[in-house]
>>> print(open('structure_25.cif').read())   # mmCIF, C-alpha atoms
data_structure
#
loop_
_atom_site.label_atom_id
_atom_site.label_comp_id
_atom_site.auth_asym_id
_atom_site.auth_seq_id
_atom_site.Cartn_x
_atom_site.Cartn_y
_atom_site.Cartn_z
CA MET A 1 111.07 226.65 189.20
CA PRO A 2 110.11 230.33 189.47
CA LYS A 3 106.93 231.19 187.60
CA VAL A 4 108.33 234.45 186.32
CA ILE A 5 111.99 235.12 185.58
CA SER A 6 113.23 238.13 187.52
CA LEU A 7 116.59 239.80 188.02
CA LYS A 8 117.22 237.52 190.99
CA THR A 9 116.53 234.30 189.10
CA ILE A 10 119.49 231.99 188.56
CA VAL A 11 119.71 230.63 185.02
CA VAL A 12 121.90 227.92 183.50
CA ALA A 13 121.94 226.07 180.20
CA SER A 14 120.33 222.65 180.51
CA ARG A 15 122.47 219.58 180.02
CA GLU A 16 120.16 218.05 177.43
CA ASN A 17 121.52 220.07 174.60
CA VAL A 18 124.70 220.54 172.63
CA SER A 19 125.73 223.78 171.01
CA CYS A 20 128.41 225.20 168.75
CA SER A 21 129.67 228.57 167.59
CA LEU A 22 128.91 229.59 164.02
CA GLY A 23 131.12 232.61 163.51
CA ASP A 24 129.71 235.00 166.10
CA GLU A 25 126.36 233.19 166.14
CA ALA A 26 125.47 229.88 167.76
CA ALA A 27 123.43 226.79 167.02
CA ILE A 28 121.87 224.65 169.72
CA LEU A 29 120.60 221.12 169.29
CA ASP A 30 118.01 220.01 171.83
CA MET A 31 118.87 216.34 172.25
CA ARG A 32 115.43 215.40 173.56
CA SER A 33 113.38 216.86 170.72
CA GLY A 34 115.99 216.79 167.94
CA GLN A 35 115.21 220.45 167.27
CA TYR A 36 117.87 222.93 166.21
CA TYR A 37 117.84 226.54 167.39
CA GLY A 38 119.89 229.48 166.25
CA LEU A 39 121.10 232.46 168.23
CA ASP A 40 122.24 235.80 166.86
CA PRO A 41 125.54 237.29 168.10
CA ILE A 42 124.11 238.81 171.29
CA GLY A 43 122.04 235.71 171.99
CA ALA A 44 125.16 233.61 171.39
CA ARG A 45 127.08 235.72 173.91
CA ILE A 46 124.36 235.26 176.52
CA TRP A 47 124.24 231.54 175.75
CA LYS A 48 127.97 231.31 176.41
CA LEU A 49 127.51 233.05 179.75
CA LEU A 50 124.84 230.49 180.65
CA ASP A 51 127.42 227.73 180.58
CA GLN A 52 127.68 228.40 184.32
CA PRO A 53 124.75 229.40 186.58
CA LYS A 54 124.26 233.17 186.58
CA SER A 55 121.68 235.51 187.98
CA VAL A 56 119.78 237.57 185.46
CA GLU A 57 121.24 240.59 187.19
CA GLU A 58 124.75 239.36 186.41
CA LEU A 59 123.83 238.68 182.82
CA ARG A 60 122.35 242.13 182.45
CA ALA A 61 125.47 243.74 183.90
CA THR A 62 127.73 241.88 181.48
CA ILE A 63 125.63 242.78 178.45
CA LEU A 64 125.44 246.43 179.48
CA GLU A 65 129.21 246.45 179.81
CA GLU A 66 129.83 244.86 176.43
CA TYR A 67 127.11 246.41 174.25
CA GLU A 68 125.74 249.87 173.73
CA VAL A 69 122.14 249.38 174.80
CA GLU A 70 119.65 251.16 177.01
CA PRO A 71 119.40 249.40 180.41
CA ALA A 72 115.62 249.07 180.19
CA LYS A 73 115.77 247.67 176.66
CA CYS A 74 118.56 245.31 177.67
CA GLU A 75 116.56 243.99 180.59
CA SER A 76 113.35 243.45 178.68
CA ASP A 77 115.10 241.75 175.76
CA LEU A 78 117.12 239.61 178.13
CA LEU A 79 114.07 238.47 180.06
CA LEU A 80 112.24 237.72 176.83
CA LEU A 81 115.13 235.62 175.52
CA LEU A 82 115.50 233.72 178.78
CA GLU A 83 111.78 233.04 178.93
CA THR A 84 111.88 231.71 175.37
CA LEU A 85 114.87 229.53 176.15
CA ARG A 86 113.12 228.22 179.24
CA THR A 87 109.91 227.48 177.34
CA GLN A 88 111.95 225.43 174.88
CA GLY A 89 113.64 223.61 177.74
CA LEU A 90 117.07 224.94 176.83
CA VAL A 91 117.74 226.57 180.21
CA LYS A 92 116.90 225.75 183.79
CA THR A 93 116.00 228.36 186.37
CA CYS A 94 115.80 228.62 190.12
CA ASP A 95 115.36 231.40 192.64
CA ALA A 96 118.46 232.82 194.26
CA MET B 1 117.71 236.33 169.27
CA ILE B 2 116.39 232.84 168.90
CA HIS B 3 115.27 231.16 165.74
CA HIS B 4 114.15 227.69 164.87
CA LEU B 5 116.62 226.40 162.36
CA LEU B 6 114.82 223.25 161.37
CA GLY B 7 111.15 222.50 161.48
CA GLU B 8 111.70 218.77 161.68
CA ASP B 9 113.45 216.22 163.76
CA VAL B 10 117.11 215.71 163.24
CA HIS B 11 117.54 212.56 161.53
CA VAL B 12 119.06 212.74 161.61
CA PRO B 13 128.86 190.35 144.75
CA LYS B 14 129.74 187.49 143.65
CA ALA B 15 132.91 187.60 145.62
CA ASP B 16 136.06 185.63 145.83
CA GLU B 17 135.94 183.14 148.62
CA THR B 18 139.24 182.77 150.35
CA ARG B 19 140.60 179.91 152.32
CA LEU B 20 139.36 179.25 155.79
CA PHE B 21 141.86 179.06 158.54
CA SER B 22 140.28 179.37 161.97
CA HIS B 23 137.04 179.21 163.84
CA GLY B 24 135.44 181.51 166.41
CA ALA B 25 132.32 183.46 167.33
CA SER B 26 131.07 186.52 165.50
CA ALA B 27 131.50 189.87 167.19
CA GLU B 28 128.24 190.92 165.55
CA THR B 29 125.92 188.18 166.55
CA GLY B 30 127.68 185.66 168.73
CA LEU B 31 126.95 183.08 166.05
CA PRO B 32 129.69 180.59 165.34
CA VAL B 33 131.63 181.65 162.30
CA GLN B 34 134.68 180.70 160.34
CA SER B 35 137.30 183.41 160.12
CA ARG B 36 139.07 183.93 156.86
CA GLU B 37 142.26 185.48 155.77
CA PHE B 38 141.92 189.00 154.44
CA VAL B 39 143.63 188.81 151.09
CA HIS B 40 142.74 192.21 149.65
CA THR B 41 143.73 195.61 151.01
CA TYR B 42 142.25 198.79 149.58
CA GLY B 43 142.12 202.46 150.40
CA VAL B 44 138.96 204.49 150.04
CA TYR B 45 137.83 207.69 151.79
CA GLY B 46 141.19 207.66 153.56
CA VAL B 47 140.27 204.41 155.24
CA THR B 48 142.02 201.07 154.82
CA LEU B 49 139.71 198.21 153.89
CA ARG B 50 140.93 194.69 154.57
CA SER B 51 138.64 192.49 152.60
CA HIS B 52 137.60 188.96 151.78
CA ILE B 53 135.97 190.41 148.73
CA ARG B 54 137.73 191.58 145.61
CA LEU B 55 136.56 195.12 145.00
CA ALA B 56 136.87 197.38 141.99
CA LEU B 57 139.16 199.73 143.86
CA PRO B 58 142.73 200.70 143.13
CA ASP B 59 145.33 198.95 145.24
CA TYR B 60 146.66 202.17 146.66
CA PRO B 61 146.67 202.15 150.44
CA GLY B 62 144.33 204.14 152.61
CA ALA B 63 145.46 207.25 154.42
CA GLY B 64 145.21 205.36 157.66
CA LEU B 65 142.28 207.20 159.18
CA ALA B 66 140.85 203.84 160.23
CA GLU B 67 140.95 200.18 159.31
CA ILE B 68 137.73 198.34 158.50
CA GLU B 69 137.32 194.64 157.71
CA LEU B 70 134.94 193.36 155.07
CA GLN B 71 133.83 189.78 155.16
CA LEU B 72 131.26 187.57 153.46
CA ARG B 73 128.67 185.32 155.11
CA ASP B 74 125.84 183.33 153.64
CA ARG B 75 122.11 184.05 153.85
CA ASP B 76 121.56 181.62 156.68
CA TYR B 77 123.99 183.56 158.83
CA PHE B 78 122.00 186.76 158.31
CA ALA B 79 118.68 185.01 158.82
CA GLN B 80 119.88 183.80 162.22
CA ALA B 81 121.30 187.21 163.11
CA ILE B 82 117.97 188.99 162.64
CA ALA B 83 115.65 186.19 163.73
CA GLY B 84 112.82 187.72 165.73
CA VAL B 85 114.10 191.28 165.28
CA PRO B 86 111.59 193.77 163.83
CA LEU B 87 113.02 195.69 160.89
CA GLN B 88 112.35 199.37 160.27
CA TRP B 89 112.07 201.12 156.93
CA SER B 90 114.33 204.05 156.15
CA ARG B 91 112.82 207.50 155.65
CA TYR B 92 112.30 207.05 151.91
CA SER B 93 111.57 203.32 152.18
CA THR B 94 114.66 202.43 150.20
CA TYR B 95 116.09 200.03 152.75
CA GLN B 96 115.33 198.18 155.99
CA TYR B 97 117.43 198.28 159.09
CA ALA B 98 117.59 197.25 162.72
CA LEU B 99 119.81 197.78 165.71
CA LEU B 100 120.90 194.42 167.12
CA GLN B 101 122.62 193.49 170.34
CA SER B 102 126.03 195.00 171.11
CA GLY B 103 125.27 197.99 168.90
CA VAL B 104 125.43 195.99 165.67
CA SER B 105 123.54 197.57 162.78
CA TYR B 106 121.72 195.47 160.23
CA VAL B 107 120.76 196.95 156.87
CA ARG B 108 119.22 195.39 153.76
CA TRP B 109 118.50 196.59 150.26
CA LYS B 110 116.13 194.42 148.30
CA ASP B 111 117.79 193.05 145.16
CA VAL B 112 121.18 194.30 146.38
CA GLY B 113 122.18 192.56 149.58
CA GLU B 114 122.36 192.72 153.35
CA PHE B 115 124.98 193.95 155.75
CA LEU B 116 125.92 193.78 159.42
CA VAL B 117 128.11 196.53 160.82
CA SER B 118 129.77 195.90 164.17
CA GLY B 119 129.17 198.26 167.08
CA ASP B 120 132.62 199.80 166.77
CA GLY B 121 132.34 200.12 162.99
CA ARG B 122 135.49 198.08 162.41
CA ARG B 123 133.80 195.20 160.63
CA ILE B 124 131.23 194.91 157.87
CA THR B 125 129.78 191.51 157.14
CA CYS B 126 127.87 191.24 153.91
CA CYS B 127 125.89 188.98 151.66
CA PRO B 128 124.86 189.96 148.13
CA ALA B 129 121.37 189.23 146.92
CA ARG B 130 121.22 186.52 144.27
CA GLU B 131 120.15 188.96 141.59
CA SER B 132 122.56 191.75 142.43
CA HIS B 133 125.37 192.76 140.12
CA HIS B 134 128.82 192.97 141.68
CA GLU B 135 129.25 196.65 140.68
CA SER B 136 125.86 197.59 142.02
CA PHE B 137 126.51 195.70 145.23
CA GLN B 138 129.77 197.55 145.67
CA VAL B 139 128.05 200.91 145.32
CA TYR B 140 125.88 200.10 148.32
CA LEU B 141 128.70 198.44 150.21
CA LEU B 142 131.07 201.37 149.71
CA GLY B 143 128.34 203.98 150.17
CA GLN B 144 125.44 203.41 152.50
CA ALA B 145 126.77 200.33 154.29
CA LEU B 146 130.21 201.80 154.76
CA SER B 147 128.62 205.01 156.07
CA PHE B 148 127.37 203.04 159.09
CA ALA B 149 130.91 201.91 159.79
CA LEU B 150 132.37 205.38 159.25
CA VAL B 151 129.88 207.00 161.62
CA LYS B 152 130.54 204.33 164.25
CA CYS B 153 134.27 205.00 163.82
CA GLY B 154 133.61 208.66 164.66
CA PHE B 155 133.53 210.22 161.19
CA GLU B 156 130.79 212.44 159.81
CA PRO B 157 130.60 211.80 156.06
CA LEU B 158 128.62 214.17 153.86
CA HIS B 159 126.30 213.40 150.99
CA ALA B 160 128.23 215.25 148.30
CA THR B 161 129.98 214.92 144.98
CA CYS B 162 133.46 216.40 144.81
CA ILE B 163 135.46 217.49 141.79
CA VAL B 164 139.02 218.76 141.51
CA VAL B 165 139.03 221.79 139.22
CA GLU B 166 142.35 223.39 138.33
CA GLY B 167 143.90 221.83 141.41
CA GLN B 168 141.15 222.95 143.80
CA ALA B 169 138.52 220.66 145.28
CA VAL B 170 134.87 221.72 145.27
CA ALA B 171 131.94 219.82 146.73
CA PHE B 172 128.38 219.90 145.42
CA LEU B 173 125.60 219.36 147.95
CA GLY B 174 122.05 218.47 147.08
CA ASP B 175 119.45 215.76 147.24
CA SER B 176 119.39 212.98 144.70
CA GLY B 177 118.07 214.42 141.43
CA PHE B 178 119.48 217.89 142.05
CA GLY B 179 122.20 217.38 139.43
CA LYS B 180 125.38 216.72 141.40
CA SER B 181 126.55 213.84 139.23
CA SER B 182 125.55 215.53 135.97
CA LEU B 183 127.60 218.56 136.92
CA ALA B 184 130.48 216.27 137.82
CA ALA B 185 130.20 214.44 134.49
CA TYR B 186 130.45 217.69 132.57
CA PHE B 187 133.46 218.78 134.63
CA ILE B 188 135.14 215.43 133.92
CA SER B 189 134.48 215.89 130.20
CA ALA B 190 136.19 219.27 130.46
CA GLY B 191 139.32 217.67 131.92
CA ASP B 192 138.65 217.92 135.64
CA ARG B 193 138.82 214.92 137.94
CA LEU B 194 136.32 213.24 140.21
CA LEU B 195 137.35 212.96 143.84
CA THR B 196 134.20 211.25 145.04
CA ASP B 197 130.59 210.76 143.99
CA ASP B 198 127.99 210.66 146.74
CA LEU B 199 129.96 210.17 149.97
CA LEU B 200 132.52 212.75 151.02
CA LEU B 201 134.75 212.26 154.01
CA LEU B 202 136.45 215.34 155.41
CA GLN B 203 139.09 215.69 158.09
CA GLN B 204 140.22 218.93 159.66
CA ARG B 205 143.88 219.77 159.27
CA PRO B 206 145.82 222.99 160.00
CA GLU B 207 145.54 224.01 156.34
CA GLY B 208 141.77 223.39 156.16
CA PHE B 209 139.52 220.39 155.56
CA LEU B 210 141.10 217.54 153.66
CA ALA B 211 138.72 215.74 151.30
CA TYR B 212 139.43 212.06 150.66
CA PRO B 213 139.02 210.16 147.39
CA GLY B 214 136.11 207.79 146.96
CA PRO B 215 135.71 204.83 144.60
CA PRO B 216 136.64 205.61 140.97
CA ARG B 217 133.12 205.45 139.64
CA ILE B 218 130.13 207.68 139.07
CA LYS B 219 126.39 207.09 139.06
CA LEU B 220 124.88 208.62 135.97
CA LEU B 221 121.90 208.51 133.65
CA PRO B 222 122.77 206.78 130.34
CA ASP B 223 122.18 209.93 128.27
CA MET B 224 124.57 211.92 130.41
CA ALA B 225 127.14 209.15 130.27
CA ARG B 226 126.97 209.06 126.47
CA LYS B 227 127.21 212.82 126.24
CA TYR B 228 130.01 213.48 128.70
CA LEU B 229 131.87 210.22 129.24
CA GLY B 230 131.82 208.97 125.69
CA GLY B 231 129.51 206.05 126.28
CA VAL B 232 128.22 203.59 128.81
CA ASP B 233 130.97 200.99 128.53
CA GLY B 234 131.30 199.02 131.73
CA GLY B 235 128.16 200.59 133.16
CA VAL B 236 125.71 198.44 135.09
CA PRO B 237 122.26 199.36 136.43
CA MET B 238 122.42 200.74 139.95
CA ASN B 239 119.14 199.12 141.01
CA SER B 240 115.76 198.21 139.60
CA ALA B 241 114.16 201.51 140.63
CA THR B 242 116.33 203.82 138.54
CA SER B 243 117.83 203.93 135.07
CA LYS B 244 121.05 205.30 136.54
CA LEU B 245 124.17 203.36 135.72
CA VAL B 246 127.26 202.78 137.80
CA LEU B 247 130.16 203.68 135.55
CA PRO B 248 133.81 202.93 136.30
CA LEU B 249 136.18 205.80 135.58
CA ASP B 250 139.72 205.54 134.21
CA ARG B 251 142.55 206.75 136.41
CA GLU B 252 143.02 209.92 134.36
CA LYS B 253 139.47 210.93 135.26
CA VAL B 254 139.84 210.59 139.02
CA TRP B 255 141.85 212.35 141.72
CA GLU B 256 143.52 209.74 143.89
CA SER B 257 144.92 211.60 146.86
CA PRO B 258 143.50 213.74 149.67
CA ILE B 259 143.13 217.42 148.82
CA THR B 260 142.06 220.52 150.72
CA LEU B 261 138.44 221.43 150.09
CA SER B 262 138.21 224.97 148.71
CA ALA B 263 134.46 225.52 148.53
CA ILE B 264 131.07 223.91 149.02
CA TYR B 265 128.30 224.71 146.56
CA ALA B 266 124.74 223.83 147.52
CA LEU B 267 122.42 223.05 144.60
CA SER B 268 118.79 224.04 144.66
CA PRO B 269 115.99 221.81 143.40
CA PRO B 270 115.87 221.86 139.58
CA GLN B 271 112.34 223.23 139.55
CA ALA B 272 113.19 226.09 141.92
CA LEU B 273 114.95 228.21 139.31
CA PRO B 274 113.63 229.68 136.05
CA ASP B 275 115.31 228.81 132.75
CA SER B 276 116.37 232.44 132.52
CA GLN B 277 118.44 232.12 135.70
CA GLU B 278 121.98 233.42 135.24
CA VAL B 279 124.84 231.52 136.77
CA ASP B 280 125.40 233.11 140.14
CA PHE B 281 126.58 232.45 143.66
CA GLU B 282 124.93 233.45 146.87
CA PRO B 283 127.14 233.15 149.94
CA LEU B 284 125.32 231.55 152.84
CA ALA B 285 125.36 233.13 156.26
CA SER B 286 126.78 230.84 158.92
CA ARG B 287 123.36 229.77 160.10
CA GLN B 288 122.12 228.84 156.62
CA ALA B 289 125.42 227.16 155.80
CA PHE B 290 125.11 225.13 158.97
CA LEU B 291 121.66 223.96 157.93
CA GLU B 292 122.68 223.06 154.40
CA VAL B 293 125.65 221.04 155.55
CA SER B 294 123.60 219.41 158.34
CA ARG B 295 120.92 218.40 155.86
CA ASN B 296 123.53 216.67 153.76
CA THR B 297 125.03 214.56 156.47
CA PHE B 298 125.32 210.97 155.32
CA ASN B 299 123.32 208.37 157.24
CA TYR B 300 120.10 209.41 158.97
CA VAL B 301 119.72 206.18 160.88
CA ILE B 302 122.31 206.40 163.62
CA LEU B 303 120.77 208.85 166.06
CA ASP B 304 122.53 208.42 169.39
CA CYS B 305 123.46 211.40 171.53
CA ASP B 306 127.20 211.03 171.02
CA ARG B 307 126.73 211.21 167.31
CA ALA B 308 124.38 214.19 167.49
CA GLY B 309 126.89 216.11 169.58
CA ARG B 310 129.75 215.23 167.28
CA GLN B 311 127.71 216.07 164.20
CA ILE B 312 126.81 219.57 165.32
CA LYS B 313 130.38 220.40 166.26
CA GLU B 314 131.86 218.91 163.08
CA THR B 315 129.33 220.78 160.93
CA ALA B 316 130.18 224.02 162.71
CA ARG B 317 133.89 223.48 162.11
CA ILE B 318 133.24 222.94 158.41
CA VAL B 319 131.12 226.05 157.91
CA ASN B 320 133.52 228.13 160.00
CA THR B 321 136.37 227.05 157.70
CA VAL B 322 135.09 226.37 154.18
CA PRO B 323 133.03 228.89 152.12
CA VAL B 324 129.50 227.58 151.54
CA LYS B 325 127.44 229.14 148.73
CA TRP B 326 124.27 228.56 146.80
CA LEU B 327 125.06 227.76 143.20
CA LEU B 328 122.26 229.24 141.12
CA HIS B 329 122.28 228.06 137.53
CA PRO B 330 119.90 227.22 134.71
CA ARG B 331 119.34 223.49 134.38
CA SER B 332 120.06 223.24 130.69
CA LEU B 333 123.05 221.27 129.50
CA GLU B 334 124.04 224.23 127.34
CA ALA B 335 124.65 226.22 130.51
CA LEU B 336 127.17 223.81 131.98
CA PRO B 337 130.26 225.38 130.35
CA SER B 338 129.35 228.75 131.86
CA VAL B 339 128.75 227.08 135.25
CA ARG B 340 132.25 225.65 135.13
CA GLN B 341 133.75 228.99 134.10
CA ALA B 342 131.92 230.76 136.91
CA ILE B 343 133.16 228.21 139.44
CA ILE B 344 136.73 228.56 138.22
CA LYS B 345 136.44 232.34 138.59
CA ASP B 346 134.96 231.96 142.06
CA LEU B 347 137.70 229.55 143.12
CA ARG B 348 140.36 232.00 141.95
CA GLU B 349 138.76 234.71 144.05
CA ILE B 350 138.61 232.40 147.07
CA ALA B 351 142.27 231.43 146.56
CA GLY B 352 143.21 235.10 146.22
CA ARG B 353 141.48 235.97 149.48
CA SER B 354 143.13 233.14 151.38
CA ARG B 355 146.66 234.18 150.37
CA PRO B 356 148.48 236.17 153.05
#
>>> encode(input="structure_25.cif", output="structure tokens")
Amino acid sequence: MPKVISLKTIVVASRENVSCSLGDEAAILDMRSGQYYGLDPIGARIWKLLDQPKSVEELRATILEEYEVEPAKCESDLLLLLETLRTQGLVKTCDA
Amino acid sequence: MIHHLLGEDVHVPKADETRLFSHGASAETGLPVQSREFVHTYGVYGVTLRSHIRLALPDYPGAGLAEIELQLRDRDYFAQAIAGVPLQWSRYSTYQYALLQSGVSYVRWKDVGEFLVSGDGRRITCCPARESHHESFQVYLLGQALSFALVKCGFEPLHATCIVVEGQAVAFLGDSGFGKSSLAAYFISAGDRLLTDDLLLLQQRPEGFLAYPGPPRIKLLPDMARKYLGGVDGGVPMNSATSKLVLPLDREKVWESPITLSAIYALSPPQALPDSQEVDFEPLASRQAFLEVSRNTFNYVILDCDRAGRQIKETARIVNTVPVKWLLHPRSLEALPSVRQAIIKDLREIAGRSRP
């Protein structure tokens, strides 16, 4: 597992959770801890993309295409979200 | 982008004996048993119950969502079934339970009775405690014990009381003591009908979520029963820990067929609102609605992964389909007429919005 998530890191949702759409948001249940998590609309979109392994670079490109956001802001927010998801065990990462 | 939604773990009679006609081994325990003819057929929560036990249920058939057998066994049978098995206490220490071999659930309420629910949920075996009253026993049988069977059959019942007001069904969510049944009693006194008290079974259909009728009875404090139901005739104590009575309701006070659920109102704790609180509604965002409905899922004991996955998806479908709102209202009885009027107004607005 890479120590730091970078643009080249491959990320995918872990199999130990189950999620659902709540309008344009999402809820995730971590089956190991029994903890629920909620994602806002952009987080929910990213979560959906993580259904299949993606590089952070790919994720960034998709978000930049779909939302009006500064590239630098997009990247920093994306990395922060992915790091949080990884800390909670909701995603798995590996180097490309 | 990410938020913790919950700070805690998900938790998730004296009966008629009927004639014996064959012998075999129990699906629950492997113990030798005598099978009996099922002489009673009932419908409740949309499910058909084929029963050894005469129940205080109308003879109308179930909606065919599932078929569950109810049978009686004696105390010795249960003693053998749980011999050497450690029992756990439920979260609020109201009952004991254990998971036996083949996925069979055992559950026991002191002074009420004990139950075995088969792994597939298709059979409930029960034995009333000596001191239990038949009505009280049925409340547990058709509530908590049946919830084990319903969950095992793939349903996700909610802890809710549901009333049909001017032809629209509304569900009240809230912990015990939040006033669900008192609200329902007032609505009944005003001419509305009870669909179910305590356990609500919903099924998604193209037109929305269908809500299914429960047993024609309500659990109520004696004062409330006298005030809104005209007395406590036929009422029996629910258990030794509460003064609540189980009261049978006449057919004109109950709604006996499935009906589309129009709205869900979540009640707040009685102490959370000042007496000066006006009757008001606060729509819940999807995330909050999801939490409220999740918190009111019936049965916190069955915790397997399949159920957890089903639960989250079913809850999401409900909150994506049915409006969920906080119902804010003063907790005085004098306020109940205005609560009902406000709900009727809200339901008309909801119906108006849903028309093409």
>>> closest_atom_pairs(input="structure_25.cif", of="chain A", to="chain B", cutoff="8 Å", atoms="only C-alpha atoms", output="tab-separated table")
residue	atom	partner	partner_atom	distance
A:Val18	CA	B:Gly309	CA	5.8
A:Ser19	CA	B:Ile312	CA	7.2
A:Cys20	CA	B:Lys313	CA	5.8
A:Ser21	CA	B:Ala316	CA	6.7
A:Leu22	CA	B:Ser286	CA	5.7
A:Gly23	CA	B:Asn320	CA	6.2
A:Glu25	CA	B:Arg287	CA	7.6
A:Ala26	CA	B:Arg287	CA	7.9
A:Ala27	CA	B:Arg287	CA	7.5
A:Leu29	CA	B:Ile312	CA	7.5
A:Met31	CA	B:Cys305	CA	6.8
A:Ser33	CA	B:Asp9	CA	7.0
A:Gly34	CA	B:Asp9	CA	4.9
A:Gln35	CA	B:Asp9	CA	5.8
A:Tyr36	CA	B:Leu5	CA	5.3
A:Tyr37	CA	B:His4	CA	4.6
A:Gly38	CA	B:His3	CA	4.9
A:Leu39	CA	B:Ile2	CA	4.8
A:Asp40	CA	B:Met1	CA	5.2
A:Pro41	CA	B:Met1	CA	8.0
A:Ile42	CA	B:Met1	CA	7.2
A:Gly43	CA	B:Met1	CA	5.2
A:Leu81	CA	B:Met1	CA	6.8
A:Thr84	CA	B:Ile2	CA	8.0
>>> resolve_selection(input="structure_25.cif", expression="the PyMOL selection byres ((chain B and resi 39-51) around 9)", output="PyMOL selection string")
chain B and resi 18+36-38+52-55+57-72+142+150+196+199-202+211-215+257-258
>>> residues_around(input="structure_25.cif", residues="segment 63-79 of chain A", least_positions_apart="4", cutoff="9 Å", atoms="all atoms listed in the file", output="list in words")
Ile5, Ser6, Leu7, Ile42, Gly43, Arg45, Ile46, Val56, Glu57, Glu58, Leu59, Glu83 and Thr84 of chain A; Met1 of chain B
>>> atom_distance(input="structure_25.cif", atom1="atom CA of Gln144 of chain B", atom2="atom CA of Val107 of chain B")
9.1 Å
>>> atom_distance(input="structure_25.cif", atom1="atom CA of Thr9 of chain A", atom2="atom CA of Asp95 of chain A")
4.7 Å
>>> atom_distance(input="structure_25.cif", atom1="atom CA of Asp192 of chain B", atom2="atom CA of Thr242 of chain B")
26.6 Å
>>> decode(input="structure_25.cif", residues="segment 308-320 of chain B", atoms="N, CA and C atoms", output="mmCIF file, in the first residue's frame")
data_model
loop_
_atom_site.group_PDB
_atom_site.id
_atom_site.type_symbol
_atom_site.label_atom_id
_atom_site.label_comp_id
_atom_site.auth_asym_id
_atom_site.auth_seq_id
_atom_site.Cartn_x
_atom_site.Cartn_y
_atom_site.Cartn_z
ATOM 1 N N ALA B 308 -27.490 -6.755 6.710
ATOM 2 C CA ALA B 308 -27.000 -5.371 6.747
ATOM 3 C C ALA B 308 -27.061 -4.752 5.359
ATOM 4 N N GLY B 309 -26.649 -5.519 4.357
ATOM 5 C CA GLY B 309 -26.687 -5.007 2.991
ATOM 6 C C GLY B 309 -28.106 -4.740 2.524
ATOM 7 N N ARG B 310 -28.993 -5.655 2.847
ATOM 8 C CA ARG B 310 -30.392 -5.491 2.445
ATOM 9 C C ARG B 310 -31.025 -4.298 3.152
ATOM 10 N N GLN B 311 -30.668 -4.160 4.421
ATOM 11 C CA GLN B 311 -31.250 -3.097 5.240
ATOM 12 C C GLN B 311 -30.900 -1.711 4.688
ATOM 13 N N ILE B 312 -29.637 -1.541 4.351
ATOM 14 C CA ILE B 312 -29.200 -0.217 3.878
ATOM 15 C C ILE B 312 -29.867 0.108 2.549
ATOM 16 N N LYS B 313 -30.007 -0.871 1.697
ATOM 17 C CA LYS B 313 -30.619 -0.609 0.391
ATOM 18 C C LYS B 313 -32.127 -0.390 0.523
ATOM 19 N N GLU B 314 -32.771 -1.158 1.387
ATOM 20 C CA GLU B 314 -34.216 -0.989 1.592
ATOM 21 C C GLU B 314 -34.504 0.386 2.216
ATOM 22 N N THR B 315 -33.689 0.756 3.194
ATOM 23 C CA THR B 315 -33.883 2.061 3.834
ATOM 24 C C THR B 315 -33.718 3.180 2.817
ATOM 25 N N ALA B 316 -32.713 3.049 1.954
ATOM 26 C CA ALA B 316 -32.495 4.076 0.929
ATOM 27 C C ALA B 316 -33.691 4.166 -0.010
ATOM 28 N N ARG B 317 -34.241 3.013 -0.382
ATOM 29 C CA ARG B 317 -35.409 3.037 -1.279
ATOM 30 C C ARG B 317 -36.577 3.758 -0.614
ATOM 31 N N ILE B 318 -36.753 3.509 0.681
ATOM 32 C CA ILE B 318 -37.871 4.158 1.384
ATOM 33 C C ILE B 318 -37.682 5.672 1.395
ATOM 34 N N VAL B 319 -36.495 6.129 1.809
ATOM 35 C CA VAL B 319 -36.326 7.587 1.944
ATOM 36 C C VAL B 319 -36.233 8.273 0.587
ATOM 37 N N ASN B 320 -35.911 7.522 -0.456
ATOM 38 C CA ASN B 320 -35.914 8.108 -1.796
ATOM 39 C C ASN B 320 -37.319 8.172 -2.380
#
